[in-house]
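Okay, so here's the structure we're looking at.
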Amino acid sequence: MAQPIERESKIVSQPSSSFERTMMWLTTISFFVILMTIGIGTIIREDRVSSQLENRALAQAVKPTVQGVISGDDMVKMESYFTDQLLLRGTFVEMQARLSKNVLRQPFRNGIYTAEDGYLIEPSQAAQPIVPDAFRQFTQEVDRPVYFALAPSKTVVAERDGIIPDYVASNAIQRHKTMQAGFTKAGITSISLDRLQLSDYFKTDHHWNIDGAYQAYDEIVRTIGKTEPALKKVEVNPGSKRSSEHPYFGSLARKTTLAYASTGDTIEYYGADQFKGIDVCYDNTCGQPLIDKKFIKEEGDYADRYEVFMRGNHGILSMTSKTKGPKLLVLKDSFANPVLPFLARSANLEVVDVRYVNKDFDASEFAKQQNVDAVLFLHNSNIAGLMKTYQQKL
Amino acid sequence: MLFSSTIFLFLFLPIVLLVYHLLPRTFRNGWLLVASLFFYAWGEPRFVLLMLTSILINYLFALAVHTYRMRIGVKWIMFSMIVVNLGLLGWFKYSGFFVTSINETFQTTLFVPEVVLPIGISFFTFQAMSYVIDVYRQAGQVQKNPLDLALYIALFPQLIAGPIVRYETVADEINHRQETLPEFAQGVRRFIIGLSKKLILANGCGQVADAVFNMKDLSMGLAWIGIIAYALQIYFDFSGYSDMAIGLGLMFGFHFLENFNYPYISKSVSEFWRRWHISLGSWFRDYVYIPLGGNRVSPWKQYRNLGIVWMLTGLWHGASWTFVAWGAYYGLWIMLEKAFLGKILARVPVLATIWTLVLVLVGWVFFRSTTFPEAVTYIQAMFVPDVLWDDRASYQVVQNGVILALACLAATPIPKRIGEWVVRSSGQIGQTLQYGYAMVLLFLATSALVASTFNPFIYFRF
């Protein structure tokens, strides 16, 4: 056995000057003040329920129990609570992101790639999706024309346009095609939205913007109109297009922080004057706003301004007007929200978001009860996780 | 409780420091002991009783050794002490491994006890044994006050991840120590450097290592990136904890020995182990190797002693045959260096450094792998791969190249030497930087702690 090279503990030398002594005092006091300020500040500050930045509920205070303390579970919960409620938490998260981007030069954060033009893309390599047999059964049971408008996800478009680096594994296009083929096999008429460009999507969010939504509306009306001639496109007045004053930082920005989503987006919408006569009903209340500008004006970098359209998602929502167009059942997720106001000018809509309906909801029964003329699924291709829900609800 | 947790950093530490320095000297040890027990109890309160039992037993053993030093029976006391301590360690750490190994070897179906491993048991057991042995050797005074002994063993800065503080190192400081401003300020800097090593460098490299070790069909490039990342992770993690412990010790007036000394610049495996986890190496040298005869016996006995020491070193790190193999691997190379290889390496220093680094990296594969087949597959990918480079390797270079490069640089003495030169050559500006950068690091480390969910504790099995 060899002798250790360094055995003596280093005894710290005395300061060589009053300046050095001052620096030592400053170091000691700063250390205490920083730790104490954050610690005491965290304790005395009112607890926050959720984090806009992280889009999640924050851990709340723990009431210790004897069993919880003995097992150590309560201490784990207390640590989560203290970390979640930490003073300046958001600032620290942003600081770490800036370190990652500017010093460590990491182009990816939480699996999201920052393209040169500021687009945030989430490449993904996943198993090929399986379209459940429930779709085929639904198509047969419902006894009405069924359409699927499957928008390419932002990742599909980025992959197609070669924006995702070669070294990153991503099979979004393949999965998109598999899903399209699955719906066609189930007897559903496909509405192709594959012409969408990256500029039709928000830079910092996974959704499409108003231009993408309007293109989708155009394509939906064109395709369904072939069998439902009463469905006609109603043009919007380009002059009524409005923009949010505050920048919009969407879901991908929340995952990466402002360090990566440096430019932000502008959320655009058409003024309520374009949608007069459309009655929006949900939660047993009619006359709900179709465009709610409250979300446009909301303070906070990460305010969810996308909820400007019908205040977000609802289990069942109807949009009726004096239009002579057909009655459609739209089965959708949040991707459809900016499309619905356009579509509601051309048709009466019963809109269902299967994620928020009762567990015994049956879509084919609902379609019959509502006596709809046709059924439209409106999603983007990143819905593999929804298939199980559809299997139960269709 | 972990040093790299918000509760420790922003509640426990400032409160303990503040109260400690406000209290009259008479009460400081008591306060430190209460704080240390609370620190250990946080998360696993039931094991406090185990640690207190260990302290009490060794307190009594040391008193017995001190009282009956001149009698023949003292050797039996020492033997009993070793059996009891190793028995405790064996039950909690090795019983499952031992029975499983018997079942696998002899195709038996003996009951495998499911024993939860108390955190830090290897560290506090070795410290307790060190105390009794040092009293026996008269290298330190016997503690009449059990609370002072409890403080030595349970002292929270070094309790769960070392360094293994030998009794003789701090025996005098338990009752006679002086806390000074220069040492406190130095302690603050050292603690922050350790915290930054752990949270920025170790965790950054750890994410790469975990990603690679969870992949299949590695290319050669990816395999090397993965093991280099792991080598950096474990170094900065462990040396970061040691820095934090040394820094905290200074804040309370204790002087712990250095535990790491740039191990990756070593020119031989023997030198590596003089620079890596120094407190463990010297513990085994002084309490196992030398009592077995050390270098003063015949050559074959020297090799036997080396074999024993390195198998034990491997086993100390974890209850698994991969750890035993890891220890035996180092033992083998040290024997070869002792026999002839050391003289050859001494003639080619640059080549020797590269050679040693490669051997150490191969060693880490055994350490990181959970099974032998896993380790062998990984080593195959490193040296006889099916594919030289793939997209996953490119991704790791683009995404984590800077952090890996920074970590490689920080694993050498270069940054320290540059820092010392700046301080020497730029007067007050240098001194301002010397203290100011620590505060910047504190914010960066805190941001890494808060923002990341990846904060593994890799000493749970030690």
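Here's how to read the names in the structure tokens: chain A, B, ... by the order shown, residue numbers from 1 in each chain, ligand numbers from 1 in the order shown.
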
Inset, instruction - Could you list, as a list of chain:residue names, the residues of chain A having an atom within 6 Å of chain B when counting only C-alpha atoms? - result: A:Pro4, A:Ser9, A:Val12, A:Met24, A:Thr28, A:Leu35, A:Gly39, A:Ile70, A:Gly72, A:Met75, A:Thr83, A:Phe92, A:Val93, A:Gln96, A:Leu104, A:Gln106, A:Tyr167

Legend entry - Every residue of segment 276-328 of chain B that DSSP places in alpha helix (DSSP H), as a PyMOL selection string: chain B and resi 278-284+299-317+321-328

Put those residues in a file: C-alpha atoms, as a PDB file, in the first residue's frame.
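Wrote result.pdb, looks like this:
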ATOM      1  CA  ILE B 278      -7.670   8.972   0.497  1.00  0.00           C
ATOM      2  CA  SER B 279      -9.391   8.483   3.852  1.00  0.00           C
ATOM      3  CA  LEU B 280     -10.590   4.981   2.878  1.00  0.00           C
ATOM      4  CA  GLY B 281      -7.217   3.999   1.421  1.00  0.00           C
ATOM      5  CA  SER B 282      -5.348   5.117   4.503  1.00  0.00           C
ATOM      6  CA  TRP B 283      -7.916   3.426   6.777  1.00  0.00           C
ATOM      7  CA  PHE B 284      -7.364   0.081   5.076  1.00  0.00           C
ATOM      8  CA  PRO B 299       6.842 -11.094  -1.147  1.00  0.00           C
ATOM      9  CA  TRP B 300       4.091 -13.681  -1.450  1.00  0.00           C
ATOM     10  CA  LYS B 301       2.630 -12.536   1.870  1.00  0.00           C
ATOM     11  CA  GLN B 302       2.730  -8.960   0.631  1.00  0.00           C
ATOM     12  CA  TYR B 303       0.699 -10.034  -2.393  1.00  0.00           C
ATOM     13  CA  ARG B 304      -1.660 -11.980  -0.159  1.00  0.00           C
ATOM     14  CA  ASN B 305      -2.133  -8.881   2.008  1.00  0.00           C
ATOM     15  CA  LEU B 306      -2.770  -6.740  -1.035  1.00  0.00           C
ATOM     16  CA  GLY B 307      -5.321  -9.260  -2.266  1.00  0.00           C
ATOM     17  CA  ILE B 308      -7.170  -9.224   1.056  1.00  0.00           C
ATOM     18  CA  VAL B 309      -7.160  -5.437   1.289  1.00  0.00           C
ATOM     19  CA  TRP B 310      -8.458  -4.906  -2.236  1.00  0.00           C
ATOM     20  CA  MET B 311     -11.185  -7.522  -2.010  1.00  0.00           C
ATOM     21  CA  LEU B 312     -12.333  -5.819   1.182  1.00  0.00           C
ATOM     22  CA  THR B 313     -12.111  -2.417  -0.481  1.00  0.00           C
ATOM     23  CA  GLY B 314     -14.373  -3.654  -3.252  1.00  0.00           C
ATOM     24  CA  LEU B 315     -16.798  -5.209  -0.807  1.00  0.00           C
ATOM     25  CA  TRP B 316     -16.902  -2.028   1.287  1.00  0.00           C
ATOM     26  CA  HIS B 317     -18.299  -0.193  -1.712  1.00  0.00           C
ATOM     27  CA  TRP B 321     -19.812  -9.561  -6.790  1.00  0.00           C
ATOM     28  CA  THR B 322     -19.263  -6.762  -9.310  1.00  0.00           C
ATOM     29  CA  PHE B 323     -17.811  -4.661  -6.474  1.00  0.00           C
ATOM     30  CA  VAL B 324     -15.621  -7.551  -5.347  1.00  0.00           C
ATOM     31  CA  ALA B 325     -14.415  -7.912  -8.936  1.00  0.00           C
ATOM     32  CA  TRP B 326     -13.810  -4.184  -9.063  1.00  0.00           C
ATOM     33  CA  GLY B 327     -11.654  -4.383  -5.921  1.00  0.00           C
ATOM     34  CA  ALA B 328      -9.835  -7.493  -7.148  1.00  0.00           C
TER      35      ALA B 328
END

Inset, instruction - Point out the residue among B:Phe106, B:Phe236, B:Phe383, B:Trp355 with the least atom-to-atom distance to Trp224 of chain B, counting only C-alpha atoms. - result: B:Phe383

Legend entry - Who sits within 12 Å of Asp161 of chain A, only C-alpha atoms, same chain under 4 positions skipped, as a list in words: Ala115, Lys154, Thr155, Val156, Val157, Pro165, Asp166, Ile173, Arg195, Leu196, Gln197, Leu198 and Ser199 of chain A

Can I get the selected residues back with N, CA and C atoms, as a CSV table (one decimal), in the first residue's frame?
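Okay, selection19.csv is ready:
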chain,number,residue,atom,x,y,z
A,115,ALA,N,-34.8,25.4,-32.8
A,115,ALA,CA,-34.3,25.6,-34.1
A,115,ALA,C,-33.8,27.0,-34.3
A,154,LYS,N,-46.7,19.6,-35.1
A,154,LYS,CA,-45.6,20.5,-35.4
A,154,LYS,C,-44.3,19.7,-35.7
A,155,THR,N,-44.1,18.6,-34.9
A,155,THR,CA,-42.9,17.8,-35.1
A,155,THR,C,-42.9,17.1,-36.5
A,156,VAL,N,-44.1,16.7,-37.0
A,156,VAL,CA,-44.2,16.1,-38.3
A,156,VAL,C,-43.7,17.1,-39.3
A,157,VAL,N,-44.2,18.3,-39.2
A,157,VAL,CA,-43.8,19.3,-40.2
A,157,VAL,C,-42.3,19.6,-40.2
A,165,PRO,N,-32.3,18.0,-36.4
A,165,PRO,CA,-31.0,17.5,-36.8
A,165,PRO,C,-31.0,16.0,-37.1
A,166,ASP,N,-30.1,15.6,-38.0
A,166,ASP,CA,-30.1,14.1,-38.4
A,166,ASP,C,-29.8,13.2,-37.2
A,173,ILE,N,-43.3,11.4,-38.6
A,173,ILE,CA,-43.9,11.3,-39.9
A,173,ILE,C,-44.5,9.9,-40.0
A,195,ARG,N,-50.7,19.9,-46.1
A,195,ARG,CA,-50.1,21.1,-46.7
A,195,ARG,C,-49.6,22.2,-45.7
A,196,LEU,N,-50.0,22.0,-44.5
A,196,LEU,CA,-49.6,23.0,-43.5
A,196,LEU,C,-48.1,23.2,-43.4
A,197,GLN,N,-47.7,24.4,-43.2
A,197,GLN,CA,-46.3,24.8,-43.1
A,197,GLN,C,-45.9,25.1,-41.6
A,198,LEU,N,-44.6,25.1,-41.3
A,198,LEU,CA,-44.2,25.4,-40.0
A,198,LEU,C,-44.7,26.8,-39.5
A,199,SER,N,-44.8,27.7,-40.5
A,199,SER,CA,-45.3,29.1,-40.1
A,199,SER,C,-46.8,29.1,-39.7

Inset, instruction - May I have all residues of segment 59-211 of chain A that DSSP, computed from the backbone, assigns to strand (DSSP E), given as a VMD selection string? - result: chain A and resid 108 to 109 112 to 114 120 to 121 146 to 151 189 to 192

Legend entry - Interatomic distance, atom CA of Ile102 of chain B to atom CA of Phe372 of chain B (Å, one decimal):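 So the two atoms, atom CA of Ile102 of chain B and atom CA of Phe372 of chain B, lie 17.6 Å apart.
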
Legend entry - Pick from A:Met78, A:Val62, A:Ala384, A:Ile164 nearest to Pro107 of chain A, counting only C-alpha atoms: A:Ile164

Legend entry - Distance of atom CA of Arg242 of chain A from atom CA of Ile121 of chain A, expressed in Å to one decimal place: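 Going from atom CA of Ile121 of chain A over to atom CA of Arg242 of chain A covers 26.1 Å.
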
Legend entry - Gln215 of chain A environment, 12 Å, only C-alpha atoms, sequence neighbours closer than 3 positions dropped, as a list in words: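 Selected residues are Ala149, Ala151, Ile191, Ser192, Leu193, Asp194, Arg195, Leu196, Gln197, Ser199, Asp200, Tyr201, Trp208, Asn209, Ile210, Asp211, Gly212, Asp218, Glu219, Ile220, Val221, Arg222, Lys233, Glu235, Pro338, Val339, Phe342 and Leu343 of chain A.
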
Filtering to C-alpha atoms, could you give me those residues as a PDB file, in the first residue's frame?
ATOM      1  CA  ALA A 149     -59.074  15.851 -40.010  1.00  0.00           C
ATOM      2  CA  ALA A 151     -53.350  17.733 -38.665  1.00  0.00           C
ATOM      3  CA  ILE A 191     -59.328  15.197 -44.587  1.00  0.00           C
ATOM      4  CA  SER A 192     -55.750  15.900 -45.500  1.00  0.00           C
ATOM      5  CA  LEU A 193     -54.106  18.799 -43.735  1.00  0.00           C
ATOM      6  CA  ASP A 194     -50.623  17.831 -44.816  1.00  0.00           C
ATOM      7  CA  ARG A 195     -50.080  21.095 -46.705  1.00  0.00           C
ATOM      8  CA  LEU A 196     -49.616  22.995 -43.465  1.00  0.00           C
ATOM      9  CA  GLN A 197     -46.274  24.771 -43.079  1.00  0.00           C
ATOM     10  CA  SER A 199     -45.293  29.065 -40.107  1.00  0.00           C
ATOM     11  CA  ASP A 200     -48.854  27.851 -39.461  1.00  0.00           C
ATOM     12  CA  TYR A 201     -47.782  26.850 -35.947  1.00  0.00           C
ATOM     13  CA  TRP A 208     -51.309  25.844 -34.755  1.00  0.00           C
ATOM     14  CA  ASN A 209     -51.904  29.566 -35.018  1.00  0.00           C
ATOM     15  CA  ILE A 210     -54.931  31.298 -36.496  1.00  0.00           C
ATOM     16  CA  ASP A 211     -53.629  30.954 -40.057  1.00  0.00           C
ATOM     17  CA  GLY A 212     -53.131  27.211 -39.622  1.00  0.00           C
ATOM     18  CA  ASP A 218     -60.993  25.674 -45.476  1.00  0.00           C
ATOM     19  CA  GLU A 219     -59.956  22.065 -46.076  1.00  0.00           C
ATOM     20  CA  ILE A 220     -62.659  20.660 -43.797  1.00  0.00           C
ATOM     21  CA  VAL A 221     -65.415  22.593 -45.542  1.00  0.00           C
ATOM     22  CA  ARG A 222     -64.068  21.647 -48.963  1.00  0.00           C
ATOM     23  CA  LYS A 233     -67.174  28.381 -46.400  1.00  0.00           C
ATOM     24  CA  GLU A 235     -65.045  34.206 -45.430  1.00  0.00           C
ATOM     25  CA  PRO A 338     -59.315  28.091 -32.977  1.00  0.00           C
ATOM     26  CA  VAL A 339     -61.032  26.230 -35.856  1.00  0.00           C
ATOM     27  CA  PHE A 342     -64.879  29.515 -38.208  1.00  0.00           C
ATOM     28  CA  LEU A 343     -66.717  26.221 -38.500  1.00  0.00           C
TER      29      LEU A 343
END

Inset, instruction - Show which residues sit within 6 Å of segment 236-241 of chain A, as a PyMOL selection string. Count only C-alpha atoms, and ignore same-chain residues fewer than 4 positions away. - result: chain A and resi 269-271

Could you save those same residues with N, CA and C atoms as a JSON list (two decimals), in the first residue's frame?
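Dumped to out-v1.json:
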[["chain", "number", "residue", "atom", "x", "y", "z"],
["A", 269, "TYR", "N", -56.38, 36.53, -33.35],
["A", 269, "TYR", "CA", -57.76, 36.03, -33.33],
["A", 269, "TYR", "C", -58.61, 37.03, -34.10],
["A", 270, "TYR", "N", -59.78, 36.59, -34.51],
["A", 270, "TYR", "CA", -60.69, 37.51, -35.19],
["A", 270, "TYR", "C", -61.66, 38.08, -34.17],
["A", 271, "GLY", "N", -62.00, 39.33, -34.35],
["A", 271, "GLY", "CA", -62.87, 40.02, -33.39],
["A", 271, "GLY", "C", -64.23, 39.34, -33.27]]

Inset, instruction - Please identify all polymer residues within 9 Å of Leu331 of chain A, counting only C-alpha atoms, omitting same-chain residues fewer than 6 positions from it, and present them as a ChimeraX atom specification. - result: /A:350-354,363,375-379

Inset, instruction - Grab the atom CA of Gly287 of chain A to atom CA of Phe275 of chain A distance for me, in Å with one decimal place. - result: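 Computing the Euclidean distance for atom CA of Gly287 of chain A and atom CA of Phe275 of chain A yields 12.4 Å.
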